[in-house]
$ cat start_9.csv   # CSV, C-alpha atoms
chain,number,residue,atom,x,y,z
A,245,MET,CA,-13.6,28.2,-51.7
A,246,LYS,CA,-13.8,26.2,-48.5
A,247,LEU,CA,-11.5,23.3,-48.1
A,248,LEU,CA,-12.9,19.8,-48.0
A,249,SER,CA,-12.1,17.6,-45.1
A,250,SER,CA,-8.6,16.1,-45.2
A,251,PHE,CA,-7.9,12.4,-45.6
A,252,THR,CA,-4.9,10.1,-45.3
A,253,ILE,CA,-2.5,9.0,-48.0
A,254,LEU,CA,1.1,7.8,-48.0
A,255,GLY,CA,0.7,7.5,-44.2
A,256,ALA,CA,0.1,11.1,-43.5
A,257,THR,CA,-2.7,13.7,-43.5
A,258,VAL,CA,-2.9,15.7,-46.7
A,259,LEU,CA,-5.2,17.9,-48.6
A,260,PRO,CA,-7.7,16.2,-51.0
A,261,ALA,CA,-6.4,15.8,-54.5
A,262,VAL,CA,-9.8,16.7,-55.9
A,263,LEU,CA,-8.8,20.3,-55.2
A,264,VAL,CA,-6.2,20.2,-58.0
A,265,ALA,CA,-8.4,20.9,-61.0
A,266,ALA,CA,-7.2,21.5,-64.5
A,267,GLN,CA,-6.8,25.1,-65.5
A,268,LYS,CA,-7.7,26.5,-68.9
A,269,LEU,CA,-4.4,27.9,-70.3
A,270,PRO,CA,-2.8,30.3,-71.1
A,271,LEU,CA,-3.0,32.4,-68.0
A,272,SER,CA,-3.1,36.2,-68.0
A,273,THR,CA,-3.3,39.1,-65.6
A,274,SER,CA,-5.8,41.8,-64.9
A,275,SER,CA,-5.0,44.3,-62.1
A,276,ARG,CA,-3.8,42.2,-59.1
A,277,TRP,CA,-5.4,39.0,-60.4
A,278,ILE,CA,-4.2,36.0,-62.4
A,279,LEU,CA,-6.9,34.7,-64.7
A,280,ASP,CA,-7.4,31.6,-66.8
A,281,ALA,CA,-8.4,31.5,-70.5
A,282,ASP,CA,-12.0,32.0,-69.5
A,283,GLY,CA,-11.3,35.0,-67.4
A,284,GLN,CA,-11.8,33.2,-64.1
A,285,ARG,CA,-9.4,33.8,-61.2
A,286,VAL,CA,-6.6,31.3,-60.7
A,287,LYS,CA,-4.8,31.3,-57.3
A,288,LEU,CA,-1.4,29.8,-57.4
A,289,ARG,CA,-0.7,27.5,-54.5
A,290,CYS,CA,2.7,26.1,-55.2
A,291,VAL,CA,5.7,24.3,-53.9
A,292,ASN,CA,9.3,24.8,-54.9
A,293,TRP,CA,11.3,21.9,-56.4
A,294,ALA,CA,15.0,22.6,-56.7
A,295,GLY,CA,17.0,21.6,-59.8
A,296,HIS,CA,19.6,24.4,-60.0
A,297,GLN,CA,22.6,22.8,-58.2
A,298,GLU,CA,25.6,21.1,-59.7
A,299,ALA,CA,23.8,18.0,-61.1
A,300,ASN,CA,21.5,20.3,-63.0
A,301,LEU,CA,18.6,17.9,-62.3
A,302,PRO,CA,15.4,18.1,-60.2
A,303,GLU,CA,16.3,16.8,-56.8
A,304,GLY,CA,15.2,13.5,-55.3
A,305,LEU,CA,15.3,11.2,-58.3
A,306,ASN,CA,17.8,9.0,-56.5
A,307,LYS,CA,15.1,8.4,-53.8
A,308,GLN,CA,11.8,8.1,-55.8
A,309,SER,CA,10.5,8.0,-59.3
A,310,ILE,CA,9.2,11.2,-60.9
A,311,ASP,CA,5.7,9.8,-60.8
A,312,TYR,CA,5.9,9.1,-57.1
A,313,ILE,CA,7.0,12.7,-56.4
A,314,ALA,CA,4.4,14.1,-58.7
A,315,ASP,CA,1.7,12.0,-57.0
A,316,PHE,CA,2.8,13.3,-53.6
A,317,ILE,CA,2.7,17.0,-54.8
A,318,GLN,CA,-0.8,16.4,-56.2
A,319,GLN,CA,-2.0,14.7,-53.0
A,320,GLN,CA,-1.0,17.8,-51.0
A,321,GLY,CA,-3.3,19.9,-53.1
A,322,PHE,CA,-0.7,22.1,-54.8
A,323,ASN,CA,-1.7,23.4,-58.2
A,324,CYS,CA,1.8,24.4,-59.3
A,325,VAL,CA,5.5,23.8,-58.9
A,326,ARG,CA,8.2,26.5,-59.0
A,327,LEU,CA,10.9,24.4,-60.7
A,328,THR,CA,14.4,25.9,-60.5
A,329,TYR,CA,17.2,25.7,-63.0
A,330,SER,CA,20.6,27.3,-63.7
A,331,ILE,CA,21.8,29.2,-66.8
A,332,ASP,CA,24.5,26.5,-67.1
A,333,HIS,CA,21.6,24.1,-67.8
A,334,ALA,CA,19.7,26.5,-70.0
A,335,LEU,CA,22.7,26.9,-72.4
A,336,ASN,CA,23.7,23.2,-72.2
A,337,PRO,CA,20.5,21.2,-72.4
A,338,ASP,CA,22.0,18.1,-74.1
A,339,VAL,CA,24.3,16.9,-71.4
A,340,LEU,CA,23.7,13.3,-70.6
A,341,VAL,CA,22.5,12.7,-67.0
A,342,SER,CA,25.4,10.3,-66.4
A,343,ASP,CA,27.9,13.0,-67.5
A,344,SER,CA,26.1,15.6,-65.5
A,345,PHE,CA,26.7,13.7,-62.3
A,346,THR,CA,30.3,13.1,-63.2
A,347,ALA,CA,30.8,16.8,-63.8
A,348,ALA,CA,29.0,17.7,-60.6
A,349,ALA,CA,31.6,15.9,-58.6
A,350,GLY,CA,34.3,18.3,-59.8
A,351,ALA,CA,32.0,21.3,-59.6
A,352,ALA,CA,31.0,20.6,-56.0
A,353,ASN,CA,34.4,19.3,-55.0
A,354,VAL,CA,33.1,15.9,-53.8
A,355,SER,CA,33.9,12.3,-54.5
A,356,ALA,CA,33.4,11.1,-58.1
A,357,THR,CA,32.6,7.7,-56.7
A,358,ASP,CA,29.9,9.1,-54.5
A,359,MET,CA,28.3,11.0,-57.5
A,360,ASP,CA,28.6,7.9,-59.7
A,361,THR,CA,26.7,6.0,-57.0
A,362,MET,CA,24.1,8.7,-56.9
A,363,TYR,CA,23.6,8.5,-60.6
A,364,SER,CA,23.2,4.7,-60.4
A,365,GLN,CA,20.4,5.3,-57.8
A,366,VAL,CA,18.7,7.8,-60.1
A,367,ALA,CA,18.8,5.3,-62.9
A,368,GLU,CA,17.4,2.5,-60.7
A,369,LYS,CA,14.4,4.6,-59.6
A,370,ASN,CA,14.0,6.2,-63.1
A,371,PRO,CA,15.3,3.8,-65.7
A,372,PHE,CA,14.6,6.2,-68.6
A,373,VAL,CA,17.5,8.4,-67.6
A,374,SER,CA,20.0,5.9,-69.0
A,375,GLY,CA,21.1,7.6,-72.1
A,376,ALA,CA,18.8,10.6,-71.5
A,377,THR,CA,19.8,14.3,-71.3
A,378,THR,CA,19.2,16.6,-68.3
A,379,ARG,CA,16.7,18.5,-70.5
A,380,ALA,CA,14.7,15.2,-71.1
A,381,VAL,CA,14.4,14.8,-67.3
A,382,TYR,CA,13.0,18.3,-66.9
A,383,GLU,CA,10.5,17.5,-69.7
A,384,ALA,CA,9.5,14.3,-67.9
A,385,VAL,CA,9.0,16.2,-64.7
A,386,ILE,CA,6.9,18.9,-66.3
A,387,ALA,CA,4.8,16.2,-68.2
A,388,ALA,CA,4.2,14.2,-65.0
A,389,LEU,CA,3.0,17.3,-63.2
A,390,TRP,CA,0.7,18.4,-66.0
A,391,GLN,CA,-0.8,14.9,-66.2
A,392,ARG,CA,-1.9,15.6,-62.6
A,393,ASN,CA,-3.2,19.1,-63.5
A,394,ILE,CA,-0.2,20.8,-61.8
A,395,MET,CA,1.2,23.8,-63.5
A,396,THR,CA,4.9,24.6,-63.7
A,397,ILE,CA,6.8,27.9,-63.2
A,398,LEU,CA,10.3,27.7,-64.5
A,399,ASP,CA,12.5,29.8,-62.2
A,400,ASN,CA,16.1,30.9,-63.1
A,401,HIS,CA,17.7,30.5,-59.7
A,402,VAL,CA,21.4,31.0,-60.5
A,403,SER,CA,23.8,31.3,-63.4
A,404,LYS,CA,26.5,28.9,-62.2
A,405,ALA,CA,24.8,25.8,-60.9
A,406,SER,CA,25.3,25.8,-57.2
A,407,TRP,CA,23.5,26.4,-53.9
A,408,CYS,CA,21.8,29.8,-53.5
A,409,CYS,CA,22.2,32.4,-52.0
A,410,SER,CA,25.0,34.4,-50.4
A,411,ILE,CA,26.6,37.7,-51.0
A,412,ASP,CA,29.8,36.1,-52.2
A,413,ASP,CA,28.4,33.4,-54.5
A,414,GLY,CA,28.9,35.4,-57.7
A,415,ASN,CA,25.3,35.0,-58.8
A,416,GLY,CA,23.7,38.1,-57.3
A,417,TRP,CA,23.9,41.0,-59.7
A,418,TRP,CA,24.6,41.6,-63.4
A,419,ASP,CA,28.2,41.7,-64.4
A,420,GLU,CA,27.5,44.5,-66.9
A,421,GLY,CA,25.8,46.6,-64.2
A,422,PHE,CA,27.1,49.6,-62.4
A,423,GLY,CA,29.5,48.9,-59.5
A,424,TYR,CA,30.7,45.5,-60.6
A,425,ASN,CA,32.4,43.5,-57.8
A,426,ASP,CA,33.7,40.0,-58.3
A,427,MET,CA,32.2,38.4,-55.2
A,428,ASN,CA,28.6,39.2,-56.2
A,429,SER,CA,28.8,39.1,-60.0
A,430,ARG,CA,31.6,36.9,-61.3
A,431,TYR,CA,29.2,34.3,-62.6
A,432,PHE,CA,26.2,36.5,-63.5
A,433,LYS,CA,27.1,37.0,-67.1
A,434,THR,CA,24.4,39.3,-68.4
A,435,GLN,CA,24.4,38.2,-72.1
A,436,GLU,CA,24.5,34.5,-71.2
A,437,TRP,CA,21.6,35.1,-68.8
A,438,LEU,CA,19.5,36.8,-71.5
A,439,ASP,CA,20.4,34.0,-74.0
A,440,GLY,CA,19.6,31.3,-71.5
A,441,LEU,CA,16.2,32.9,-70.6
A,442,GLN,CA,15.3,33.1,-74.3
A,443,ALA,CA,16.3,29.5,-74.9
A,444,ILE,CA,14.2,28.3,-72.0
A,445,ALA,CA,11.2,30.4,-73.1
A,446,THR,CA,11.5,29.0,-76.7
A,447,TRP,CA,11.7,25.4,-75.4
A,448,SER,CA,8.7,26.0,-73.1
A,449,THR,CA,6.4,26.4,-76.1
A,450,SER,CA,6.6,22.6,-76.4
A,451,GLN,CA,6.0,21.9,-72.7
A,452,PRO,CA,2.3,21.8,-71.8
A,453,GLY,CA,1.6,23.0,-68.3
A,454,VAL,CA,4.4,25.6,-68.2
A,455,ILE,CA,2.6,28.8,-67.3
A,456,GLY,CA,5.3,31.3,-66.4
A,457,MET,CA,9.0,32.1,-65.9
A,458,GLY,CA,10.7,33.7,-63.0
A,459,LEU,CA,13.4,35.9,-64.6
A,460,ARG,CA,15.9,35.6,-61.7
A,461,ASN,CA,15.8,34.4,-58.1
A,462,GLU,CA,16.9,36.8,-55.3
A,463,ILE,CA,18.6,39.7,-57.2
A,464,ARG,CA,20.8,41.4,-54.6
A,465,GLU,CA,23.1,44.4,-54.6
A,466,TRP,CA,26.5,44.7,-52.9
A,467,LEU,CA,28.6,47.8,-52.3
A,468,LEU,CA,28.0,50.3,-55.1
A,469,GLN,CA,25.5,48.1,-57.0
A,470,GLY,CA,22.1,49.6,-57.3
A,471,THR,CA,23.2,53.1,-56.2
A,472,ASN,CA,22.4,54.5,-59.6
A,473,GLY,CA,18.7,54.4,-58.8
A,474,ARG,CA,18.7,50.7,-59.6
A,475,ALA,CA,18.8,51.6,-63.2
A,476,ASP,CA,20.4,48.2,-64.0
A,477,TRP,CA,17.3,46.4,-62.5
A,478,TYR,CA,15.0,48.3,-64.8
A,479,ASN,CA,17.3,47.9,-67.9
A,480,PHE,CA,18.1,44.2,-67.7
A,481,LEU,CA,14.8,43.0,-66.4
A,482,THR,CA,13.1,44.8,-69.3
A,483,GLN,CA,15.4,43.2,-71.8
A,484,ALA,CA,14.8,39.8,-70.2
A,485,ALA,CA,11.0,40.1,-70.0
A,486,THR,CA,10.8,41.3,-73.6
A,487,ARG,CA,12.9,38.3,-74.9
A,488,VAL,CA,10.9,35.8,-72.9
A,489,HIS,CA,7.6,37.3,-74.1
A,490,GLN,CA,8.7,37.3,-77.7
A,491,ALA,CA,9.8,33.7,-77.5
A,492,ASN,CA,6.6,32.5,-75.7
A,493,PRO,CA,3.8,35.1,-75.5
A,494,ASP,CA,1.7,32.7,-73.4
A,495,LEU,CA,3.9,32.8,-70.3
A,496,LEU,CA,3.5,34.9,-67.2
A,497,VAL,CA,6.6,37.0,-66.7
A,498,ILE,CA,7.6,37.0,-63.0
A,499,MET,CA,10.1,39.3,-61.5
A,500,GLY,CA,11.1,40.4,-57.9
A,501,GLY,CA,12.7,43.4,-56.4
A,502,THR,CA,16.2,43.7,-55.0
A,503,GLN,CA,17.7,42.7,-51.7
A,504,SER,CA,17.0,39.1,-52.4
A,505,ALA,CA,13.4,39.7,-53.7
A,506,THR,CA,12.3,41.6,-50.7
A,507,ASP,CA,12.4,45.2,-51.8
A,508,LEU,CA,10.2,46.7,-54.5
A,509,THR,CA,10.1,50.2,-53.0
A,510,HIS,CA,11.9,51.8,-56.0
A,511,ILE,CA,8.9,51.1,-58.3
A,512,ARG,CA,6.8,53.3,-56.0
A,513,ILE,CA,9.4,56.0,-55.2
A,514,ASN,CA,11.0,56.3,-58.6
A,515,HIS,CA,8.8,54.7,-61.3
A,516,THR,CA,7.4,51.3,-62.1
A,517,ILE,CA,8.9,49.2,-64.9
A,518,ASP,CA,7.2,49.6,-68.3
A,519,TRP,CA,5.6,46.3,-69.0
A,520,SER,CA,3.7,47.4,-72.1
A,521,ALA,CA,5.8,44.9,-74.2
A,522,TRP,CA,4.4,42.0,-72.1
A,523,GLN,CA,1.0,43.6,-71.2
A,524,GLY,CA,-1.4,41.2,-69.4
A,525,LYS,CA,1.5,38.9,-68.3
A,526,HIS,CA,3.3,40.8,-65.6
A,527,VAL,CA,3.6,39.3,-62.1
A,528,TRP,CA,5.6,40.5,-59.1
A,529,GLU,CA,7.3,38.1,-56.6
A,530,TRP,CA,8.7,38.4,-53.1
A,531,HIS,CA,10.4,36.3,-50.5
A,532,ALA,CA,10.0,36.3,-46.7
A,533,TYR,CA,11.8,34.2,-44.1
A,534,SER,CA,12.2,34.5,-40.4
A,535,PHE,CA,15.8,35.6,-41.0
A,536,THR,CA,15.1,38.1,-43.8
A,537,VAL,CA,17.2,41.2,-43.1
A,538,THR,CA,14.8,43.6,-44.9
A,539,PHE,CA,12.1,42.9,-42.3
A,540,ALA,CA,14.4,42.4,-39.3
A,541,LEU,CA,13.5,45.6,-37.4
A,542,ALA,CA,9.9,44.6,-37.2
A,543,LYS,CA,10.5,41.0,-36.0
A,544,GLY,CA,8.6,40.1,-32.9
A,545,ASN,CA,5.8,42.6,-33.5
A,546,CYS,CA,3.3,41.0,-35.9
A,547,ASP,CA,1.3,44.2,-36.6
A,548,LEU,CA,4.5,46.1,-37.4
A,549,LEU,CA,5.8,43.2,-39.5
A,550,LYS,CA,2.7,43.0,-41.6
A,551,GLN,CA,2.9,46.8,-42.2
A,552,THR,CA,6.6,46.2,-43.2
A,553,TYR,CA,5.6,43.5,-45.7
A,554,GLY,CA,3.2,45.9,-47.2
A,555,LEU,CA,5.7,48.8,-47.3
A,556,PHE,CA,8.3,46.8,-49.1
A,557,ASP,CA,6.3,44.5,-51.4
A,558,GLY,CA,2.5,44.1,-50.7
A,559,PHE,CA,1.7,47.6,-51.9
A,560,VAL,CA,1.7,46.4,-55.5
A,561,LEU,CA,-1.7,44.8,-54.8
A,562,GLU,CA,-3.3,48.2,-54.3
A,563,GLN,CA,-5.6,48.4,-57.3
A,564,GLY,CA,-5.6,51.3,-59.8
A,565,GLU,CA,-1.9,52.1,-59.5
A,566,ASP,CA,0.6,52.0,-62.4
A,567,TYR,CA,2.5,49.3,-60.5
A,568,THR,CA,-0.6,47.2,-59.7
A,569,ALA,CA,-0.1,43.5,-60.6
A,570,PRO,CA,-0.4,40.1,-59.1
A,571,LEU,CA,2.2,39.3,-56.3
A,572,ILE,CA,3.4,35.8,-55.5
A,573,LEU,CA,5.2,34.9,-52.3
A,574,SER,CA,7.5,32.6,-54.2
A,575,GLU,CA,9.6,31.5,-51.3
A,576,PHE,CA,8.8,31.1,-47.6
A,577,GLY,CA,9.4,28.2,-45.2
A,578,PHE,CA,10.6,27.0,-41.9
A,579,GLY,CA,12.3,24.1,-40.1
A,580,MET,CA,9.8,21.3,-40.2
A,581,THR,CA,10.6,19.4,-37.0
A,582,GLY,CA,12.1,19.6,-33.6
A,583,GLY,CA,10.1,22.5,-32.1
A,584,PRO,CA,7.3,22.7,-29.6
A,585,ASN,CA,4.7,24.2,-31.9
A,586,ASP,CA,3.5,21.3,-34.1
A,587,GLY,CA,7.2,20.8,-34.9
A,588,LEU,CA,8.0,24.5,-35.4
A,589,SER,CA,10.4,26.4,-33.2
A,590,ASP,CA,9.1,29.4,-31.3
A,591,ASP,CA,10.8,31.7,-33.7
A,592,ASP,CA,9.6,29.9,-36.8
A,593,ASN,CA,6.1,29.6,-35.4
A,594,SER,CA,5.8,33.3,-34.6
A,595,TYR,CA,7.1,34.2,-38.1
A,596,PHE,CA,4.9,31.7,-39.9
A,597,GLN,CA,1.7,32.6,-38.0
A,598,CYS,CA,2.2,36.3,-38.9
A,599,LEU,CA,3.1,35.7,-42.5
A,600,ARG,CA,0.2,33.4,-43.0
A,601,ASP,CA,-2.1,36.0,-41.6
A,602,TYR,CA,-0.7,38.6,-44.0
A,603,VAL,CA,-1.0,36.3,-47.0
A,604,THR,CA,-4.5,35.1,-46.3
A,605,GLY,CA,-5.6,38.6,-45.5
A,606,ASN,CA,-4.6,39.6,-49.1
A,607,ASP,CA,-5.6,36.2,-50.5
A,608,GLY,CA,-2.2,36.1,-52.1
A,609,GLU,CA,-0.4,33.6,-54.3
A,610,TRP,CA,2.4,31.6,-52.7
A,611,ALA,CA,5.1,28.9,-53.1
A,612,LEU,CA,6.4,26.9,-50.1
A,613,TRP,CA,10.2,26.2,-49.9
A,614,ALA,CA,10.3,23.3,-50.5
A,615,VAL,CA,9.3,19.8,-51.5
A,616,GLN,CA,12.7,18.2,-51.5
A,617,GLY,CA,13.7,16.1,-48.5
A,618,SER,CA,17.4,16.0,-49.5
A,619,TYR,CA,19.9,17.0,-52.2
A,620,TYR,CA,22.2,15.1,-54.5
A,621,VAL,CA,24.9,17.5,-53.2
A,622,ARG,CA,24.6,20.7,-51.3
A,623,GLN,CA,27.6,22.9,-50.4
A,624,GLY,CA,30.0,20.0,-50.5
A,625,THR,CA,27.8,17.5,-48.7
A,626,VAL,CA,26.6,14.5,-50.7
A,627,GLY,CA,23.1,13.4,-49.9
A,628,ALA,CA,22.5,16.5,-47.7
A,629,ASP,CA,19.2,16.5,-45.7
A,630,GLU,CA,16.8,19.4,-46.2
A,631,SER,CA,15.3,20.1,-42.8
A,632,TRP,CA,12.9,22.6,-44.4
A,633,GLY,CA,11.7,19.9,-46.8
A,634,LEU,CA,8.0,18.9,-47.0
A,635,LEU,CA,9.2,15.4,-47.7
A,636,ASP,CA,11.3,13.4,-45.3
A,637,THR,CA,14.9,12.6,-46.2
A,638,ASP,CA,13.9,9.4,-48.0
A,639,TRP,CA,11.2,11.2,-50.0
A,640,GLN,CA,8.6,8.7,-48.7
A,641,GLY,CA,6.1,10.9,-46.9
A,642,LEU,CA,5.6,14.1,-45.0
A,643,ARG,CA,8.5,15.1,-42.7
A,644,ASN,CA,5.9,16.7,-40.4
A,645,PRO,CA,2.3,15.4,-40.7
A,646,LYS,CA,1.0,18.7,-39.1
A,647,VAL,CA,2.2,20.9,-41.9
A,648,PRO,CA,-0.8,20.4,-44.2
A,649,GLU,CA,-3.0,21.6,-41.4
A,650,LEU,CA,-0.8,24.6,-40.8
A,651,LEU,CA,-0.9,25.5,-44.5
A,652,ALA,CA,-4.6,24.8,-45.0
A,653,PRO,CA,-5.9,28.4,-44.6
A,654,MET,CA,-3.6,29.5,-47.3
A,655,PHE,CA,-5.3,27.3,-49.8
A,656,ASN,CA,-8.7,29.1,-49.4
A,657,VAL,CA,-9.8,31.5,-52.1
A,658,THR,CA,-11.5,34.4,-50.5
A,659,GLN,CA,-11.2,37.3,-53.0
A,660,GLY,CA,-11.5,37.8,-56.7
A,661,PRO,CA,-12.0,40.4,-59.4

$ encode --input "start_9.csv" --output "structure tokens"
Amino acid sequence: MKLLSSFTILGATVLPAVLVAAQKLPLSTSSRWILDADGQRVKLRCVNWAGHQEANLPEGLNKQSIDYIADFIQQQGFNCVRLTYSIDHALNPDVLVSDSFTAAAGAANVSATDMDTMYSQVAEKNPFVSGATTRAVYEAVIAALWQRNIMTILDNHVSKASWCCSIDDGNGWWDEGFGYNDMNSRYFKTQEWLDGLQAIATWSTSQPGVIGMGLRNEIREWLLQGTNGRADWYNFLTQAATRVHQANPDLLVIMGGTQSATDLTHIRINHTIDWSAWQGKHVWEWHAYSFTVTFALAKGNCDLLKQTYGLFDGFVLEQGEDYTAPLILSEFGFGMTGGPNDGLSDDDNSYFQCLRDYVTGNDGEWALWAVQGSYYVRQGTVGADESWGLLDTDWQGLRNPKVPELLAPMFNVTQGP
């Protein structure tokens, strides 16, 4: 598919909304492809929308209405949103939004007055939240997206609602896994995680437009974790995928490797995961940033970097292998402004140009980090700006009007079954 010419909306150049066409659901997989209900290829071209931090609410509702943000996402040409959530939310869906902001102050160690003010701003922009639960807000976001033909992937980002990720945030590896250490696993309660995924999958049956679930964001080992052949990865992800599929057989089941979703080599060296229990629904995911440690030795040499991407993750697109399945780059991104290359720094520009070349060469699925221009609270800062956000800090328009042009080649569909 060749992109149509761009046009201007909300004061910035964007991709034409006509590109966002309704998909016939449910989706399924065949070899490396994602297919619609008629067997036609669907290429996921997504943007991340965070909701996994202490307020347990999709970000930005203090700045704009849900409809405004959904319109913006549609106007950029995205056909899906990777919407993140915590296990805290999954297991406690009936918390009132007002109470969630009150609790967030304590959880994030910030001023209760500041968070009460934040809640008032949310209620002003989105009056329905008065008396509403956090789950009702997620439902409103999903409905608004689907009204605009935008699909939703529900991504379990963390267990304890908080910013992700670091090696000492306690959200990295299963607490029941081999080599437990407190700094990486104290909040990753395995059974709560499984129960939370099952609860979200069950709820998703009533949410039109939800097409898949990411089982866990950026699984990462520390010290002895994973040294048993990554047996815990196979074990717990199999349990999770089976529960999700049993609860909602229509969903795509999305999982990444270790080392923060950058390393799938064990499925080639050891053995792939047995996905017969969710046959026709399996999707791999991977992440790549300019600072990603897994790919660091190849940095600065694009040919070598692309080979490294393939060595660690992209090999799953090789057809006819027992590990062959679709692969979505579910996180990538860069600082949006301040650099000499259409706003990008030299380092980010070099990274992005090479990654874009790799993804377009494979006609891969992808999800940009991220749509949010700011956060309710991030790492102790109320109203923190997101310099990597597609939206500006006021959520009014593009932070960098050049970004749609930079992303445009990734929207093209050049391959298919």

$ closest_residue --input "start_9.csv" --among "A:Cys598, A:Ala405, A:Met359, A:Ile513" --to "A:Asp547" --atoms "only C-alpha atoms"
A:Cys598

$ residues_around --input "start_9.csv" --residues "A:Val497" --least-positions-apart "6" --cutoff "8 Å" --atoms "all atoms listed in the file" --output "PyMOL selection string"
chain A and resi 456-459+485+488-489+522+525-527

$ closest_residue --input "start_9.csv" --among "A:Arg392, A:Arg460, A:Lys550, A:Arg474" --to "A:Arg600" --atoms "only C-alpha atoms"
A:Lys550

$ residues_near_point --input "start_9.csv" --point "(22.5, 25.6, -72.9)" --cutoff "12 Å" --atoms "all atoms listed in the file" --output "list of chain:residue names"
A:Asn300, A:Tyr329, A:Ser330, A:Ile331, A:Asp332, A:His333, A:Ala334, A:Leu335, A:Asn336, A:Pro337, A:Asp338, A:Val339, A:Thr377, A:Thr378, A:Arg379, A:Ser403, A:Lys404, A:Glu436, A:Trp437, A:Leu438, A:Asp439, A:Gly440, A:Leu441, A:Gln442, A:Ala443, A:Ile444, A:Trp447

$ atom_distance --input "start_9.csv" --atom1 "atom CA of A:Gly524" --atom2 "atom CA of A:Arg487"
15.6 Å

$ atom_distance --input "start_9.csv" --atom1 "atom CA of A:Phe539" --atom2 "atom CA of A:Val615"
25.0 Å

$ atom_distance --input "start_9.csv" --atom1 "atom CA of A:Gly617" --atom2 "atom CA of A:Trp528"
27.8 Å

$ closest_atom_pairs --input "start_9.csv" --of "stretch 434-535 of chain A" --to "stretch 415-419 of chain A" --cutoff "12 Å" --atoms "only C-alpha atoms" --output "tab-separated table"
residue	atom	partner	partner_atom	distance
A:Thr434	CA	A:Trp418	CA	5.5
A:Gln435	CA	A:Asp419	CA	9.3
A:Glu436	CA	A:Trp418	CA	10.5
A:Trp437	CA	A:Trp418	CA	9.0
A:Leu438	CA	A:Trp418	CA	10.7
A:Arg460	CA	A:Gly416	CA	9.3
A:Asn461	CA	A:Gly416	CA	8.8
A:Glu462	CA	A:Gly416	CA	7.2
A:Ile463	CA	A:Gly416	CA	5.3
A:Arg464	CA	A:Gly416	CA	5.2
A:Glu465	CA	A:Trp417	CA	6.2
A:Trp466	CA	A:Trp417	CA	8.2
A:Leu467	CA	A:Trp417	CA	11.1
A:Leu468	CA	A:Trp417	CA	11.2
A:Gln469	CA	A:Trp417	CA	7.8
A:Gly470	CA	A:Trp417	CA	9.1
A:Arg474	CA	A:Trp417	CA	11.0
A:Ala475	CA	A:Trp418	CA	11.6
A:Asp476	CA	A:Trp418	CA	7.8
A:Trp477	CA	A:Trp418	CA	8.8
A:Tyr478	CA	A:Trp418	CA	11.8
A:Asn479	CA	A:Trp418	CA	10.6
A:Phe480	CA	A:Trp418	CA	8.2
A:Leu481	CA	A:Trp418	CA	10.3
A:Gly501	CA	A:Trp417	CA	11.9
A:Thr502	CA	A:Trp417	CA	9.4
A:Gln503	CA	A:Gly416	CA	9.4
A:Ser504	CA	A:Gly416	CA	8.4
A:Ala505	CA	A:Gly416	CA	11.0

$ closest_residue --input "start_9.csv" --among "A:Ile517, A:Leu573, A:Arg512, A:Gln490" --to "A:Phe556" --atoms "all atoms listed in the file"
A:Arg512

$ closest_atom_pairs --input "start_9.csv" --of "stretch 409-496 of chain A" --to "stretch 278-292 of chain A" --cutoff "12 Å" --atoms "all atoms listed in the file" --output "CSV"
residue,atom,partner,partner_atom,distance
A:Ile455,CA,A:Asp280,CA,10.4
A:Gly456,CA,A:Leu288,CA,11.3
A:Asp494,CA,A:Ala281,CA,10.6
A:Leu495,CA,A:Ile278,CA,11.8
A:Leu496,CA,A:Ile278,CA,9.1

$ residues_around --input "start_9.csv" --residues "A:Asp412" --least-positions-apart "6" --cutoff "9 Å" --atoms "all atoms listed in the file" --output "list in words"
Asp426, Met427, Asn428 and Ser429 of chain A

$ residues_around --input "start_9.csv" --residues "A:Arg276" --least-positions-apart "5" --cutoff "12 Å" --atoms "all atoms listed in the file" --output "CSV table (one decimal) with C-alpha atoms, in the frame of the given file"
chain,number,residue,atom,x,y,z
A,285,ARG,CA,-9.4,33.8,-61.2
A,286,VAL,CA,-6.6,31.3,-60.7
A,287,LYS,CA,-4.8,31.3,-57.3
A,524,GLY,CA,-1.4,41.2,-69.4
A,525,LYS,CA,1.5,38.9,-68.3
A,526,HIS,CA,3.3,40.8,-65.6
A,527,VAL,CA,3.6,39.3,-62.1
A,528,TRP,CA,5.6,40.5,-59.1
A,558,GLY,CA,2.5,44.1,-50.7
A,559,PHE,CA,1.7,47.6,-51.9
A,560,VAL,CA,1.7,46.4,-55.5
A,561,LEU,CA,-1.7,44.8,-54.8
A,562,GLU,CA,-3.3,48.2,-54.3
A,563,GLN,CA,-5.6,48.4,-57.3
A,564,GLY,CA,-5.6,51.3,-59.8
A,565,GLU,CA,-1.9,52.1,-59.5
A,566,ASP,CA,0.6,52.0,-62.4
A,567,TYR,CA,2.5,49.3,-60.5
A,568,THR,CA,-0.6,47.2,-59.7
A,569,ALA,CA,-0.1,43.5,-60.6
A,570,PRO,CA,-0.4,40.1,-59.1
A,571,LEU,CA,2.2,39.3,-56.3
A,572,ILE,CA,3.4,35.8,-55.5
A,606,ASN,CA,-4.6,39.6,-49.1
A,607,ASP,CA,-5.6,36.2,-50.5
A,608,GLY,CA,-2.2,36.1,-52.1
A,609,GLU,CA,-0.4,33.6,-54.3
A,659,GLN,CA,-11.2,37.3,-53.0
A,660,GLY,CA,-11.5,37.8,-56.7
A,661,PRO,CA,-12.0,40.4,-59.4

$ closest_residue --input "start_9.csv" --among "A:Ser594, A:Asn306, A:Asn545, A:Gln451" --to "A:Leu389" --atoms "only C-alpha atoms"
A:Gln451

$ residues_near_point --input "start_9.csv" --point "(28.3, 25.9, -58.4)" --cutoff "8 Å" --atoms "only C-alpha atoms" --output "NGL selection string"
:A and (297-298 or 351-352 or 404-407)
